[in-house]
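A.B. asks: Pasting a structure below so you can have a look.
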Amino acid sequence: LSGLDKRIKVSIPVDYITTWHSRIEADLSTDSEQLFPGSIAKGVDNRSDFTLLIAPRPLLIGIGITDPLNPYPGVKAFKPEILRLYEIFGSKNKVKFAEVDVGHTYSKQHRQALYQWLHKWFDYGSPGIKEETVKIEDESALWCTKTGQVLTSIGGRSVTDLNRDYAKKIIPEFKNPGSVSDFNLQRKEIISAAKKLTGYKKISSLVKFRLIGSSQLANYNCEKIIFYPEENIFIPGILIFPNKGNSPYPSVIYVDENNNLSETGSWEIIEGVLNKGVSVFII
């Protein structure tokens, strides 16, 4: 919001700034309202790029160094970028990081930095303002029901319940085909629906690829290949084929979400296919 609305004169985000790349590496999920549809495909990182739009207005960035939801490596990657941008604007004094060795929390140290920052730009309070010790009320003091939960106190339905009911309305009932013709028709409908949902487009030309390495595994040859079906999209994989016999071999594509041959059962399946004189491409 600060990046898009110029009426906001000073911005102080806390426990948010990192990069999507670091979140993906940490295998983190996200709150849906923080992910704009199509942003990643267009090269926009709303975790950091929108923050750049705030420049050259005063910006204090609060960081929890051990925040598990906003990995610190992403902060380190973003920091020189934002500092360089403010330098270009001639406003190096308008950006500052308040890094505190805490987790995902708006700590007292963060708040003290906030008071000083607001005083600097709005002459708010005094530069040496200190928080007084306050008594933290018990959580139950905030409860509006006996248990603090509407569902368990007075009954009700959760969002999951509502979504499940809605899904039943919009998802057609699956019926087992009664004949071969019914099955073929149903298969066409499923394929058509899958193409529509995934945005599938038939590739009219040969897919570009690059061989990046080769090795041997037991009695088989292995080649590491990267395919480039579209611009900025790449699919890495491993082609394994027997080191005996005549090529080209019949091929099978083996899809594994982890691309991990060490998992129990994975290699046994692949080797069983290879022993029949068939090459296997693992994605």
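By convention in this document, the chains of the structure tokens carry letters A, B, ... by their order, each chain's residues are numbered from 1, and ligands are numbered from 1 in the order they are shown.
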I want to know what sits within 10 Å of segment 28-35 of chain A, based on only C-alpha atoms, with residues of the same chain fewer than 4 positions away left out; could you give that as a list in words?
C.D. replies: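 Contacts, in chain order: Trp20, Ser22, Arg23, Ile24, Ser39, Ile40, Asp45, Asn46, Arg47, Pro68, Leu69, Asn70 and Pro71 of chain A.
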A.B. asks: Neighbours of segment 224-231 of chain A within 10 Å (only C-alpha atoms; same-chain residues fewer than 3 positions away dropped), as an NGL selection string?
C.D. replies: :A and (203 or 205-215 or 234-240 or 281-283)
A.B. asks: Produce a file of the selected residues containing C-alpha atoms, as a PDB file, in the first residue's frame.
C.D. replies:
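Generated file (result_5.pdb):
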ATOM      1  CA  ILE A 203       4.075 -26.566 -29.220  1.00  0.00           C
ATOM      2  CA  SER A 205       8.291 -26.323 -33.069  1.00  0.00           C
ATOM      3  CA  LEU A 206      10.935 -28.558 -31.531  1.00  0.00           C
ATOM      4  CA  VAL A 207      11.723 -27.808 -27.904  1.00  0.00           C
ATOM      5  CA  LYS A 208      15.163 -26.326 -27.283  1.00  0.00           C
ATOM      6  CA  PHE A 209      17.394 -28.265 -24.917  1.00  0.00           C
ATOM      7  CA  ARG A 210      20.901 -28.252 -23.495  1.00  0.00           C
ATOM      8  CA  LEU A 211      23.056 -31.149 -22.318  1.00  0.00           C
ATOM      9  CA  ILE A 212      24.807 -30.020 -19.130  1.00  0.00           C
ATOM     10  CA  GLY A 213      26.540 -33.203 -18.031  1.00  0.00           C
ATOM     11  CA  SER A 214      26.869 -36.962 -18.353  1.00  0.00           C
ATOM     12  CA  SER A 215      27.959 -39.834 -16.142  1.00  0.00           C
ATOM     13  CA  PHE A 234      13.034 -24.613 -18.028  1.00  0.00           C
ATOM     14  CA  ILE A 235      12.518 -28.274 -17.173  1.00  0.00           C
ATOM     15  CA  PRO A 236      15.534 -30.166 -15.817  1.00  0.00           C
ATOM     16  CA  GLY A 237      15.682 -33.915 -16.085  1.00  0.00           C
ATOM     17  CA  ILE A 238      17.897 -36.985 -16.270  1.00  0.00           C
ATOM     18  CA  LEU A 239      17.957 -39.345 -19.238  1.00  0.00           C
ATOM     19  CA  ILE A 240      19.087 -42.885 -18.343  1.00  0.00           C
ATOM     20  CA  PHE A 281      13.664 -39.692 -18.777  1.00  0.00           C
ATOM     21  CA  ILE A 282      13.180 -38.590 -15.162  1.00  0.00           C
ATOM     22  CA  ILE A 283      11.515 -35.246 -14.444  1.00  0.00           C
TER      23      ILE A 283
END
A.B. asks: Expressed in Å to a single decimal, how great is the separation between atom CA of Glu99 of chain A and atom CA of Ile82 of chain A?
C.D. replies: 15.1 Å
A.B. asks: Can you pull out the residues contacting segment 121-124 of chain A? Cut-off 9 Å, using only C-alpha atoms, and skip same-chain residues under 4 positions away; I want them as a VMD selection string.
C.D. replies: chain A and resid 10 58 115 to 117
A.B. asks: If DSSP is run on the backbone, what residues of segment 111-256 of chain A are alpha helix (DSSP H)? A reply as an mmCIF file with N, CA and C atoms, in the first residue's frame would be ideal.
C.D. replies:
data_model
loop_
_atom_site.group_PDB
_atom_site.id
_atom_site.type_symbol
_atom_site.label_atom_id
_atom_site.label_comp_id
_atom_site.auth_asym_id
_atom_site.auth_seq_id
_atom_site.Cartn_x
_atom_site.Cartn_y
_atom_site.Cartn_z
ATOM 1 N N ARG A 111 9.785 -1.266 18.088
ATOM 2 C CA ARG A 111 8.922 -0.124 18.422
ATOM 3 C C ARG A 111 9.753 1.098 18.818
ATOM 4 N N GLN A 112 10.854 0.872 19.531
ATOM 5 C CA GLN A 112 11.720 1.993 19.896
ATOM 6 C C GLN A 112 12.303 2.647 18.638
ATOM 7 N N ALA A 113 12.670 1.820 17.659
ATOM 8 C CA ALA A 113 13.188 2.356 16.396
ATOM 9 C C ALA A 113 12.104 3.149 15.674
ATOM 10 N N LEU A 114 10.859 2.665 15.769
ATOM 11 C CA LEU A 114 9.726 3.361 15.154
ATOM 12 C C LEU A 114 9.550 4.744 15.760
ATOM 13 N N TYR A 115 9.602 4.853 17.097
ATOM 14 C CA TYR A 115 9.417 6.149 17.755
ATOM 15 C C TYR A 115 10.468 7.150 17.277
ATOM 16 N N GLN A 116 11.705 6.704 17.186
ATOM 17 C CA GLN A 116 12.790 7.587 16.765
ATOM 18 C C GLN A 116 12.617 8.024 15.308
ATOM 19 N N TRP A 117 12.146 7.077 14.480
ATOM 20 C CA TRP A 117 11.965 7.380 13.055
ATOM 21 C C TRP A 117 10.834 8.385 12.847
ATOM 22 N N LEU A 118 9.734 8.211 13.554
ATOM 23 C CA LEU A 118 8.623 9.152 13.440
ATOM 24 C C LEU A 118 9.017 10.527 13.983
ATOM 25 N N HIS A 119 9.806 10.541 15.040
ATOM 26 C CA HIS A 119 10.272 11.826 15.578
ATOM 27 C C HIS A 119 11.146 12.542 14.550
ATOM 28 N N LYS A 120 11.968 11.771 13.856
ATOM 29 C CA LYS A 120 12.891 12.368 12.890
ATOM 30 C C LYS A 120 12.151 13.051 11.752
ATOM 31 N N TRP A 121 11.065 12.428 11.269
ATOM 32 C CA TRP A 121 10.400 12.954 10.079
ATOM 33 C C TRP A 121 9.136 13.744 10.378
ATOM 34 N N PHE A 122 8.517 13.499 11.511
ATOM 35 C CA PHE A 122 7.293 14.220 11.866
ATOM 36 C C PHE A 122 7.451 15.063 13.126
ATOM 37 N N VAL A 150 -16.094 -19.094 18.400
ATOM 38 C CA VAL A 150 -17.516 -19.114 18.050
ATOM 39 C C VAL A 150 -17.979 -20.531 17.746
ATOM 40 N N LEU A 151 -17.156 -21.282 17.013
ATOM 41 C CA LEU A 151 -17.573 -22.624 16.596
ATOM 42 C C LEU A 151 -17.816 -23.542 17.788
ATOM 43 N N THR A 152 -16.941 -23.481 18.786
ATOM 44 C CA THR A 152 -17.073 -24.398 19.922
ATOM 45 C C THR A 152 -18.028 -23.880 20.988
ATOM 46 N N SER A 153 -18.303 -22.584 20.996
ATOM 47 C CA SER A 153 -19.179 -22.021 22.031
ATOM 48 C C SER A 153 -20.648 -22.049 21.637
ATOM 49 N N ILE A 154 -20.939 -21.584 20.442
ATOM 50 C CA ILE A 154 -22.349 -21.469 20.038
ATOM 51 C C ILE A 154 -22.663 -22.247 18.770
ATOM 52 N N VAL A 159 -15.100 -21.834 7.393
ATOM 53 C CA VAL A 159 -14.892 -21.509 5.984
ATOM 54 C C VAL A 159 -14.648 -22.785 5.185
ATOM 55 N N THR A 160 -13.958 -23.734 5.797
ATOM 56 C CA THR A 160 -13.715 -25.016 5.128
ATOM 57 C C THR A 160 -15.028 -25.732 4.832
ATOM 58 N N ASP A 161 -15.951 -25.696 5.781
ATOM 59 C CA ASP A 161 -17.266 -26.307 5.558
ATOM 60 C C ASP A 161 -17.971 -25.654 4.377
ATOM 61 N N LEU A 162 -17.949 -24.337 4.324
ATOM 62 C CA LEU A 162 -18.613 -23.607 3.242
ATOM 63 C C LEU A 162 -17.949 -23.900 1.900
ATOM 64 N N ASN A 163 -16.618 -23.955 1.891
ATOM 65 C CA ASN A 163 -15.899 -24.257 0.648
ATOM 66 C C ASN A 163 -16.207 -25.666 0.160
ATOM 67 N N ARG A 164 -16.340 -26.604 1.111
ATOM 68 C CA ARG A 164 -16.642 -27.979 0.741
ATOM 69 C C ARG A 164 -18.036 -28.073 0.106
ATOM 70 N N ASP A 165 -18.999 -27.368 0.682
ATOM 71 C CA ASP A 165 -20.352 -27.364 0.125
ATOM 72 C C ASP A 165 -20.368 -26.741 -1.265
ATOM 73 N N TYR A 166 -19.612 -25.660 -1.428
ATOM 74 C CA TYR A 166 -19.583 -24.982 -2.722
ATOM 75 C C TYR A 166 -18.912 -25.860 -3.775
ATOM 76 N N ALA A 167 -17.864 -26.582 -3.356
ATOM 77 C CA ALA A 167 -17.167 -27.472 -4.283
ATOM 78 C C ALA A 167 -18.103 -28.558 -4.802
ATOM 79 N N LYS A 168 -18.972 -29.062 -3.919
ATOM 80 C CA LYS A 168 -19.924 -30.093 -4.337
ATOM 81 C C LYS A 168 -20.894 -29.567 -5.387
ATOM 82 N N LYS A 169 -21.183 -28.272 -5.318
ATOM 83 C CA LYS A 169 -22.114 -27.676 -6.279
ATOM 84 C C LYS A 169 -21.480 -27.483 -7.654
ATOM 85 N N ILE A 170 -20.212 -27.082 -7.660
ATOM 86 C CA ILE A 170 -19.590 -26.730 -8.941
ATOM 87 C C ILE A 170 -18.850 -27.890 -9.596
ATOM 88 N N VAL A 180 -17.405 -48.471 -23.971
ATOM 89 C CA VAL A 180 -16.159 -47.928 -24.506
ATOM 90 C C VAL A 180 -16.383 -46.539 -25.088
ATOM 91 N N SER A 181 -17.512 -46.358 -25.782
ATOM 92 C CA SER A 181 -17.798 -45.049 -26.370
ATOM 93 C C SER A 181 -18.000 -43.993 -25.285
ATOM 94 N N ASP A 182 -18.658 -44.390 -24.172
ATOM 95 C CA ASP A 182 -18.833 -43.455 -23.051
ATOM 96 C C ASP A 182 -17.483 -43.079 -22.444
ATOM 97 N N PHE A 183 -16.595 -44.093 -22.342
ATOM 98 C CA PHE A 183 -15.273 -43.847 -21.776
ATOM 99 C C PHE A 183 -14.473 -42.892 -22.655
ATOM 100 N N ASN A 184 -14.497 -43.114 -23.971
ATOM 101 C CA ASN A 184 -13.760 -42.248 -24.894
ATOM 102 C C ASN A 184 -14.276 -40.813 -24.837
ATOM 103 N N LEU A 185 -15.596 -40.662 -24.730
ATOM 104 C CA LEU A 185 -16.189 -39.330 -24.633
ATOM 105 C C LEU A 185 -15.770 -38.648 -23.330
ATOM 106 N N GLN A 186 -15.806 -39.418 -22.251
ATOM 107 C CA GLN A 186 -15.430 -38.867 -20.949
ATOM 108 C C GLN A 186 -13.953 -38.475 -20.931
ATOM 109 N N ARG A 187 -13.124 -39.279 -21.555
ATOM 110 C CA ARG A 187 -11.696 -38.981 -21.604
ATOM 111 C C ARG A 187 -11.434 -37.688 -22.368
ATOM 112 N N LYS A 188 -12.147 -37.490 -23.479
ATOM 113 C CA LYS A 188 -11.992 -36.254 -24.239
ATOM 114 C C LYS A 188 -12.396 -35.040 -23.410
ATOM 115 N N GLU A 189 -13.472 -35.194 -22.644
ATOM 116 C CA GLU A 189 -13.943 -34.085 -21.809
ATOM 117 C C GLU A 189 -12.931 -33.753 -20.717
ATOM 118 N N ILE A 190 -12.340 -34.798 -20.122
ATOM 119 C CA ILE A 190 -11.350 -34.582 -19.062
ATOM 120 C C ILE A 190 -10.098 -33.913 -19.621
ATOM 121 N N ILE A 191 -9.636 -34.388 -20.774
ATOM 122 C CA ILE A 191 -8.443 -33.804 -21.395
ATOM 123 C C ILE A 191 -8.692 -32.348 -21.764
ATOM 124 N N SER A 192 -9.875 -32.074 -22.310
ATOM 125 C CA SER A 192 -10.229 -30.702 -22.686
ATOM 126 C C SER A 192 -10.266 -29.786 -21.467
ATOM 127 N N ALA A 193 -10.858 -30.286 -20.376
ATOM 128 C CA ALA A 193 -10.940 -29.483 -19.148
ATOM 129 C C ALA A 193 -9.557 -29.241 -18.560
ATOM 130 N N ALA A 194 -8.699 -30.272 -18.604
ATOM 131 C CA ALA A 194 -7.340 -30.142 -18.067
ATOM 132 C C ALA A 194 -6.532 -29.121 -18.863
ATOM 133 N N LYS A 195 -6.684 -29.131 -20.185
ATOM 134 C CA LYS A 195 -5.974 -28.166 -21.028
ATOM 135 C C LYS A 195 -6.436 -26.744 -20.732
ATOM 136 N N LYS A 196 -7.732 -26.595 -20.519
ATOM 137 C CA LYS A 196 -8.281 -25.267 -20.235
ATOM 138 C C LYS A 196 -7.787 -24.742 -18.892
ATOM 139 N N LEU A 197 -7.763 -25.621 -17.879
ATOM 140 C CA LEU A 197 -7.340 -25.205 -16.541
ATOM 141 C C LEU A 197 -5.853 -24.870 -16.482
ATOM 142 N N THR A 198 -5.038 -25.618 -17.217
ATOM 143 C CA THR A 198 -3.586 -25.436 -17.152
ATOM 144 C C THR A 198 -3.055 -24.462 -18.193
#
A.B. asks: Quick one, how far is atom CA of Tyr249 of chain A from atom CA of Ser279 of chain A?
C.D. replies: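 For atom CA of Tyr249 of chain A relative to atom CA of Ser279 of chain A, the distance reads 5.8 Å.
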A.B. asks: Hey, what's within 6 Å of Leu60 of chain A if we count only C-alpha atoms and toss same-chain stuff fewer than 2 positions away? As JSON, numbers by chain, please?
C.D. replies: {"A": [12, 95, 96, 97]}
